[in-house]
Amino acid sequence: MNAYHSDFIGNLIYYREQKGYTQSTLAAVCDCSKGNIGGIESGKSSPSFELILKIAYALEIHPADLFLRNTSNNRADAAAFFENEFFPMMKNMIAKQFPQK
């Protein structure tokens with residue numbers, strides 16, 4: 001099993017537990033069997049792309065978060081940083097460097 005597969009399994013379990021779902025609950029929401037979710041979490045099987053999307057939707061996360069935890073949050077944080085801190089700082093630096101006459 002490679003690192004991405006291990007990360008996926010760990011993130012799936014993490015987000016499932018954060019949501020308060022059992023394997024049975026997640027399986028029901030995703031319209032698959034408990035054995036399917038259990039197989040994925042144990043590393044014995046791999047989900048289809050369609051099932052990855054269903055799992056992410058059920059857990060109310062971005063599918064990328066199943067591979068890299070909090071990816072969608074990190075993108076939002078980065079966008080907020082640029083909007084609220086970086087761009088205003090750059091505008092001030094430009095204004096100082098090139099004052100209007």
# chains A, B, ... in the order shown; residues from 1 in each chain; ligands from 1
$ residues_around --residues "Gly35 of chain A" --least-positions-apart "6" --cutoff "10 Å" --atoms "only C-alpha atoms" --output "NGL selection string"
:A and (23-24 or 27 or 41 or 45)
$ residues_around --residues "Ile52 of chain A" --least-positions-apart "3" --cutoff "10 Å" --atoms "only C-alpha atoms" --output "number ranges by chain"
A: 12, 30, 46-49, 55-58, 63-64, 66
$ residues_around --residues "Gln18 of chain A" --least-positions-apart "6" --cutoff "12 Å" --atoms "only C-alpha atoms" --output "PyMOL selection string"
chain A and resi 11-12+26+59-61
$ atom_distance --atom1 "atom CA of Gln100 of chain A" --atom2 "atom CA of Glu83 of chain A"
23.7 Å
$ atom_distance --atom1 "atom CA of Phe81 of chain A" --atom2 "atom CA of Lys19 of chain A"
27.9 Å
$ closest_residue --among "A:Gly39, A:Phe67, A:Leu51, A:Glu17" --to "His5 of chain A" --atoms "only C-alpha atoms"
A:Phe67
$ select_by_dssp --residues "chain A" --states "helix (DSSP H, G or I)" --output "ChimeraX atom specification"
/A:3-19,23-30,34-42,49-59,63-66,71-97
